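Enquirer: Attaching a single structure in structure tokens format; questions to follow.
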Amino acid sequence: MRIYQEKDYNAMSRRAASVIAAQVVSKPDCVLGLATGSTPVGTYQQLIQWCKQGDLSFAQVHSVNLDEYYGLSPEHDQSYRYFMQTNLFDHVDIKPENTNVPSGLAAEPAEECARYEDVVKGLGYADLQLLGLGRNGHIGFNEPCDEFPLATHLVDLTESTIEANARFFASADDVPKQALTMGIGTIMKARKILIVASGADKADAVWKAFCGPITPEVPASILQLHPDVTLVGDGSALARLMEDKA
Ligand code: F6R
């Protein structure tokens, strides 16, 4: 496992973007697994800048996003499809048809989950999967539970996640209660994992994920079993982990 403790959010974003850029440069037709949330926004801004400068091209890249709220349309400004369009896809040369996000409007979520799992499998799974980390240790929307879910599935969001995401909605009542998410098995099939964490409120989750027991109660702890993980964080998110490793 590689750990980069960067001094602040901007440095963290630049480091994470450089890991993704290295993947794209070394394999221009790679499959990138992408995440939403606050943490990767700066990473995407850096990638956009390099793309606009002509230093990086996504023309041959395929992307597969981790998750989508169930019940939100792609045009809803809090849907993850909308997030990806506005924070990355609309500003780089990725082909729209090469981008994949689960459909939040599927009438039969189980069918949509199976279809999405087939899409990711058909692409040969991600060469590099970018992950954020929930304060409760979730990755994608794989919430703490009794066993690691394998494939893409419909999940009930926990109160902690609804509360954490309420900042993006008018109120906690407006946060969708369910989401479609890649499973832990889908994520673990990525050849490389890049996980980003920022802020003191992630310090415990980072520590539990990488120093605690491997348990579905902390879904990210499964990453201890992945052979190629890069963790990029700012000082406060990695503070407890680095204390332990010192
Ligand atoms: C988003 C996702 C989530 C977030 C996590 C952290 O696609 O899958 O697991 O990565 O909730 O979110 P932020 O970065 O907003 O703290």
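Note on naming: chains are A, B, ... as they come in the structure tokens, residues start from 1 per chain, ligands start from 1 in the order shown.
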Could you please extract the residues within 7 Å of ligand 1, counting only C-alpha atoms and all ligand atoms, and hand them back as a list in words?
Expert: Ala35, Thr36, Gly37, Ser38, Thr39, Pro40, Leu66, Asp67, Leu131, Gly132, Leu133, Gly134, His138, Ile139, Gly140 and Phe141 of chain A
Enquirer: Pull all heavy atoms from the residues just selected and write them as an mmCIF file, in the first residue's frame.
Expert:
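Contents of out-v7.cif, freshly written:
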data_model
loop_
_atom_site.group_PDB
_atom_site.id
_atom_site.type_symbol
_atom_site.label_atom_id
_atom_site.label_comp_id
_atom_site.auth_asym_id
_atom_site.auth_seq_id
_atom_site.Cartn_x
_atom_site.Cartn_y
_atom_site.Cartn_z
ATOM 1 N N ALA A 35 -15.833 8.217 -8.613
ATOM 2 C CA ALA A 35 -16.631 8.456 -7.410
ATOM 3 C C ALA A 35 -17.169 9.882 -7.434
ATOM 4 O O ALA A 35 -16.609 10.758 -8.110
ATOM 5 C CB ALA A 35 -15.750 8.268 -6.168
ATOM 6 N N THR A 36 -18.216 10.109 -6.672
ATOM 7 C CA THR A 36 -18.724 11.472 -6.505
ATOM 8 C C THR A 36 -18.407 11.929 -5.073
ATOM 9 O O THR A 36 -17.536 11.365 -4.429
ATOM 10 C CB THR A 36 -20.244 11.521 -6.779
ATOM 11 O OG1 THR A 36 -20.884 10.679 -5.813
ATOM 12 C CG2 THR A 36 -20.558 11.033 -8.182
ATOM 13 N N GLY A 37 -19.122 12.925 -4.583
ATOM 14 C CA GLY A 37 -18.867 13.433 -3.228
ATOM 15 C C GLY A 37 -17.942 14.638 -3.261
ATOM 16 O O GLY A 37 -17.406 15.009 -4.313
ATOM 17 N N SER A 38 -17.735 15.229 -2.092
ATOM 18 C CA SER A 38 -16.925 16.460 -2.030
ATOM 19 C C SER A 38 -15.451 16.187 -2.279
ATOM 20 O O SER A 38 -14.751 17.014 -2.877
ATOM 21 C CB SER A 38 -17.006 17.086 -0.641
ATOM 22 O OG SER A 38 -18.303 17.170 -0.212
ATOM 23 N N THR A 39 -14.965 15.062 -1.789
ATOM 24 C CA THR A 39 -13.517 14.854 -1.780
ATOM 25 C C THR A 39 -12.884 14.882 -3.182
ATOM 26 O O THR A 39 -11.863 15.535 -3.362
ATOM 27 C CB THR A 39 -13.159 13.555 -1.023
ATOM 28 O OG1 THR A 39 -13.977 13.463 0.145
ATOM 29 C CG2 THR A 39 -11.695 13.548 -0.621
ATOM 30 N N PRO A 40 -13.452 14.213 -4.188
ATOM 31 C CA PRO A 40 -12.766 14.195 -5.483
ATOM 32 C C PRO A 40 -12.958 15.439 -6.359
ATOM 33 O O PRO A 40 -12.395 15.495 -7.464
ATOM 34 C CB PRO A 40 -13.332 12.958 -6.193
ATOM 35 C CG PRO A 40 -14.536 12.552 -5.457
ATOM 36 C CD PRO A 40 -14.619 13.306 -4.179
ATOM 37 N N LEU A 66 -19.372 4.519 -9.347
ATOM 38 C CA LEU A 66 -19.682 3.614 -8.244
ATOM 39 C C LEU A 66 -21.167 3.461 -7.972
ATOM 40 O O LEU A 66 -21.632 2.374 -7.658
ATOM 41 C CB LEU A 66 -19.068 4.164 -6.951
ATOM 42 C CG LEU A 66 -17.594 3.987 -6.716
ATOM 43 C CD1 LEU A 66 -17.157 4.886 -5.553
ATOM 44 C CD2 LEU A 66 -17.291 2.534 -6.404
ATOM 45 N N ASP A 67 -21.898 4.587 -8.061
ATOM 46 C CA ASP A 67 -23.235 4.541 -7.468
ATOM 47 C C ASP A 67 -24.137 5.655 -7.973
ATOM 48 O O ASP A 67 -23.690 6.591 -8.647
ATOM 49 C CB ASP A 67 -23.130 4.582 -5.932
ATOM 50 C CG ASP A 67 -22.128 5.615 -5.415
ATOM 51 O OD1 ASP A 67 -21.745 6.505 -6.193
ATOM 52 O OD2 ASP A 67 -21.736 5.532 -4.252
ATOM 53 N N LEU A 131 -11.960 6.013 -5.042
ATOM 54 C CA LEU A 131 -12.940 5.899 -3.957
ATOM 55 C C LEU A 131 -12.834 7.086 -3.014
ATOM 56 O O LEU A 131 -11.719 7.540 -2.714
ATOM 57 C CB LEU A 131 -12.675 4.645 -3.108
ATOM 58 C CG LEU A 131 -12.765 3.270 -3.762
ATOM 59 C CD1 LEU A 131 -12.290 2.202 -2.768
ATOM 60 C CD2 LEU A 131 -14.177 2.986 -4.226
ATOM 61 N N GLY A 132 -13.977 7.555 -2.509
ATOM 62 C CA GLY A 132 -13.992 8.405 -1.321
ATOM 63 C C GLY A 132 -14.274 7.486 -0.140
ATOM 64 O O GLY A 132 -14.488 6.281 -0.313
ATOM 65 N N LEU A 133 -14.301 8.040 1.034
ATOM 66 C CA LEU A 133 -14.518 7.232 2.240
ATOM 67 C C LEU A 133 -15.589 7.901 3.098
ATOM 68 O O LEU A 133 -15.460 9.085 3.432
ATOM 69 C CB LEU A 133 -13.201 7.136 3.017
ATOM 70 C CG LEU A 133 -13.211 6.369 4.336
ATOM 71 C CD1 LEU A 133 -13.501 4.885 4.112
ATOM 72 C CD2 LEU A 133 -11.859 6.521 5.044
ATOM 73 N N GLY A 134 -16.632 7.145 3.422
ATOM 74 C CA GLY A 134 -17.665 7.693 4.310
ATOM 75 C C GLY A 134 -17.160 7.758 5.742
ATOM 76 O O GLY A 134 -16.271 6.999 6.136
ATOM 77 N N HIS A 138 -17.928 3.637 4.881
ATOM 78 C CA HIS A 138 -18.488 3.080 3.643
ATOM 79 C C HIS A 138 -17.626 3.424 2.429
ATOM 80 O O HIS A 138 -16.908 4.429 2.423
ATOM 81 C CB HIS A 138 -19.960 3.482 3.448
ATOM 82 C CG HIS A 138 -20.210 4.899 3.052
ATOM 83 N ND1 HIS A 138 -21.256 5.641 3.554
ATOM 84 C CD2 HIS A 138 -19.581 5.728 2.179
ATOM 85 C CE1 HIS A 138 -21.256 6.834 3.007
ATOM 86 N NE2 HIS A 138 -20.247 6.918 2.174
ATOM 87 N N ILE A 139 -17.708 2.566 1.434
ATOM 88 C CA ILE A 139 -17.123 2.852 0.118
ATOM 89 C C ILE A 139 -18.206 2.577 -0.917
ATOM 90 O O ILE A 139 -18.934 1.601 -0.798
ATOM 91 C CB ILE A 139 -15.813 2.060 -0.176
ATOM 92 C CG1 ILE A 139 -15.966 0.577 0.147
ATOM 93 C CG2 ILE A 139 -14.638 2.678 0.551
ATOM 94 C CD1 ILE A 139 -14.732 -0.272 -0.212
ATOM 95 N N GLY A 140 -18.278 3.430 -1.954
ATOM 96 C CA GLY A 140 -19.491 3.433 -2.751
ATOM 97 C C GLY A 140 -20.599 3.702 -1.740
ATOM 98 O O GLY A 140 -20.428 4.487 -0.806
ATOM 99 N N PHE A 141 -21.729 3.018 -1.882
ATOM 100 C CA PHE A 141 -22.751 3.105 -0.834
ATOM 101 C C PHE A 141 -22.855 1.771 -0.116
ATOM 102 O O PHE A 141 -23.925 1.365 0.323
ATOM 103 C CB PHE A 141 -24.091 3.553 -1.398
ATOM 104 C CG PHE A 141 -24.247 5.052 -1.410
ATOM 105 C CD1 PHE A 141 -24.679 5.708 -2.547
ATOM 106 C CD2 PHE A 141 -23.976 5.814 -0.281
ATOM 107 C CE1 PHE A 141 -24.840 7.088 -2.566
ATOM 108 C CE2 PHE A 141 -24.122 7.200 -0.286
ATOM 109 C CZ PHE A 141 -24.555 7.831 -1.433
#
Enquirer: When DSSP is applied to the backbone of this structure, which of region 133-218 of chain A are assigned strand (DSSP E or B)? Write them out as a PyMOL selection string.
Expert: chain A and resi 139+142+153-156+178-181+192-197
Enquirer: If you measure from CA of Gln5 (chain A) to CA of Ala21 (chain A), what distance in Å do you get, rounded to one decimal?
Expert: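 Computing the Euclidean distance for CA of Gln5 (chain A) and CA of Ala21 (chain A) yields 18.7 Å.
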Enquirer: Expressed in Å to a single decimal, how great is the separation between CA of Gly137 (chain A) and CA of Met182 (chain A)?
Expert: 15.4 Å
Enquirer: Which residue gives the smallest distance to Met12 (chain A) among A:Asp244, A:Gly42, A:Ile184, A:Ala172, with only C-alpha atoms counted?
Expert: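 The shortest atom-to-atom distance to Met12 (chain A) comes from A:Gly42.
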Enquirer: Neighbours of Leu154 (chain A) within 7 Å (only C-alpha atoms; same-chain residues fewer than 4 positions away dropped), as a ChimeraX atom specification?
Expert: /A:109,178-181
Enquirer: Which is closer to Val155 (chain A) than all the others in A:Asp93, A:Glu75, A:Tyr70, A:Phe169, using only C-alpha atoms?
Expert: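 Closest to Val155 (chain A) of all the choices is A:Tyr70.
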Enquirer: Residues of region 39-234 of chain A classed as helix (DSSP H, G or I) by DSSP on the backbone are to be reported as a ChimeraX atom specification.
Expert: /A:41-52,80-87,89-91,96-98,109-122,159-168,172-174,184-188,200-211,219-225
Enquirer: Residues at most 10 Å from Glu6 (chain A), counting only C-alpha atoms, excluding those fewer than 4 positions away in the same chain, as a ChimeraX atom specification?
Expert: /A:10-15,198,232-238
Enquirer: Those same residues, written as a compact mmCIF listing (two decimals), in the first residue's frame with C-alpha atoms?
Expert:
# COMPACT_ATOMS: atom_id res chain seq x y z
CA ASN A 10 -5.22 21.22 -3.00
CA ALA A 11 -2.05 19.17 -2.65
CA MET A 12 -4.16 16.06 -2.02
CA SER A 13 -6.21 16.76 -5.14
CA ARG A 14 -3.13 17.29 -7.28
CA ARG A 15 -1.54 14.06 -6.03
CA SER A 198 -9.86 14.94 3.45
CA VAL A 232 -4.04 9.99 -0.65
CA GLY A 233 -5.14 12.28 2.15
CA ASP A 234 -4.57 15.64 3.71
CA GLY A 235 -2.80 16.00 7.06
CA SER A 236 -5.90 15.91 9.22
CA ALA A 237 -7.57 12.91 7.54
CA LEU A 238 -4.40 10.85 7.85
Enquirer: How far is it from CA of Ser26 (chain A) to CA of Asp90 (chain A), in Å with one decimal?
Expert: 23.3 Å
Enquirer: Give me the residues within 9 Å of Ile94 (chain A) as a PDB file with C-alpha atoms, in the first residue's frame, counting only C-alpha atoms and dropping any in the same chain fewer than 2 places off.
Expert:
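Output below, filename part-v5.pdb:
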ATOM      1  CA  SER A  57      -6.826  13.014 -23.100  1.00  0.00           C
ATOM      2  CA  PHE A  58      -9.813  10.917 -22.069  1.00  0.00           C
ATOM      3  CA  ALA A  59     -10.788  10.244 -25.696  1.00  0.00           C
ATOM      4  CA  GLN A  60     -10.306   6.487 -25.372  1.00  0.00           C
ATOM      5  CA  VAL A  61     -11.225   6.136 -21.695  1.00  0.00           C
ATOM      6  CA  HIS A  62     -14.336   4.301 -20.485  1.00  0.00           C
ATOM      7  CA  SER A  63     -15.705   5.197 -17.080  1.00  0.00           C
ATOM      8  CA  PHE A  89     -17.467  14.840 -18.181  1.00  0.00           C
ATOM      9  CA  ASP A  90     -18.715  18.145 -19.689  1.00  0.00           C
ATOM     10  CA  HIS A  91     -15.210  19.632 -19.451  1.00  0.00           C
ATOM     11  CA  VAL A  92     -13.006  16.845 -20.833  1.00  0.00           C
ATOM     12  CA  PRO A  96     -20.504  10.509 -23.589  1.00  0.00           C
ATOM     13  CA  GLU A  97     -21.288   6.958 -24.725  1.00  0.00           C
ATOM     14  CA  ASN A  98     -18.215   5.703 -22.867  1.00  0.00           C
ATOM     15  CA  THR A  99     -19.458   6.960 -19.493  1.00  0.00           C
TER      16      THR A  99
END
Enquirer: Show me, as a PyMOL selection string, the residues that have an atom within 12 Å of Ala114 (chain A) when counting only C-alpha atoms, minus same-chain residues fewer than 5 positions from it.
Expert: chain A and resi 102-103+106+108-109+119-122+150-154+180-183+186
Enquirer: Can you write out as a Markdown table which residues of region 73-153 of chain A fall within 7 Å of region 216-221 of chain A, alongside each residue's closest atom pair and its distance in Å to one decimal, counting only C-alpha atoms and ordering rows by chain and ascending residue number?
Expert:
| residue | atom | partner | partner_atom | distance |
| --- | --- | --- | --- | --- |
| A:Asn136 | CA | A:Val218 | CA | 7.0 |
| A:Gly137 | CA | A:Val218 | CA | 4.9 |
| A:His138 | CA | A:Pro219 | CA | 5.3 |
| A:Ile139 | CA | A:Ala220 | CA | 5.8 |
| A:Asn142 | CA | A:Pro219 | CA | 6.5 |
| A:Glu143 | CA | A:Pro219 | CA | 6.7 |
| A:Pro144 | CA | A:Glu217 | CA | 4.3 |
| A:Cys145 | CA | A:Glu217 | CA | 5.3 |
| A:Asp146 | CA | A:Pro216 | CA | 5.8 |
| A:Glu147 | CA | A:Pro216 | CA | 5.2 |
| A:Phe148 | CA | A:Pro216 | CA | 5.3 |
Enquirer: Include N, CA and C atoms and write out the residues we just selected as a short mmCIF file (atom, residue, chain, number, x, y, z; two decimals), in the first residue's frame.
Expert:
data_model
loop_
_atom_site.label_atom_id
_atom_site.label_comp_id
_atom_site.auth_asym_id
_atom_site.auth_seq_id
_atom_site.Cartn_x
_atom_site.Cartn_y
_atom_site.Cartn_z
N ASN A 136 -18.56 6.65 8.21
CA ASN A 136 -18.83 5.35 8.84
C ASN A 136 -18.05 4.22 8.17
N GLY A 137 -17.10 4.58 7.32
CA GLY A 137 -16.26 3.56 6.68
C GLY A 137 -16.83 3.01 5.38
N HIS A 138 -17.93 3.64 4.88
CA HIS A 138 -18.49 3.08 3.64
C HIS A 138 -17.63 3.42 2.43
N ILE A 139 -17.71 2.57 1.43
CA ILE A 139 -17.12 2.85 0.12
C ILE A 139 -18.21 2.58 -0.92
N ASN A 142 -21.74 1.08 0.00
CA ASN A 142 -21.70 -0.15 0.79
C ASN A 142 -21.59 0.27 2.25
N GLU A 143 -22.72 0.21 2.93
CA GLU A 143 -22.81 0.68 4.30
C GLU A 143 -22.37 -0.42 5.27
N PRO A 144 -22.02 -0.06 6.51
CA PRO A 144 -21.69 -1.09 7.50
C PRO A 144 -22.81 -2.12 7.59
N CYS A 145 -22.47 -3.39 7.55
CA CYS A 145 -23.50 -4.43 7.64
C CYS A 145 -22.86 -5.74 8.11
N ASP A 146 -23.59 -6.84 7.96
CA ASP A 146 -23.11 -8.11 8.51
C ASP A 146 -22.22 -8.89 7.56
N GLU A 147 -22.34 -8.62 6.27
CA GLU A 147 -21.44 -9.30 5.33
C GLU A 147 -21.13 -8.38 4.16
N PHE A 148 -20.01 -8.63 3.50
CA PHE A 148 -19.62 -7.78 2.38
C PHE A 148 -20.50 -8.12 1.17
#
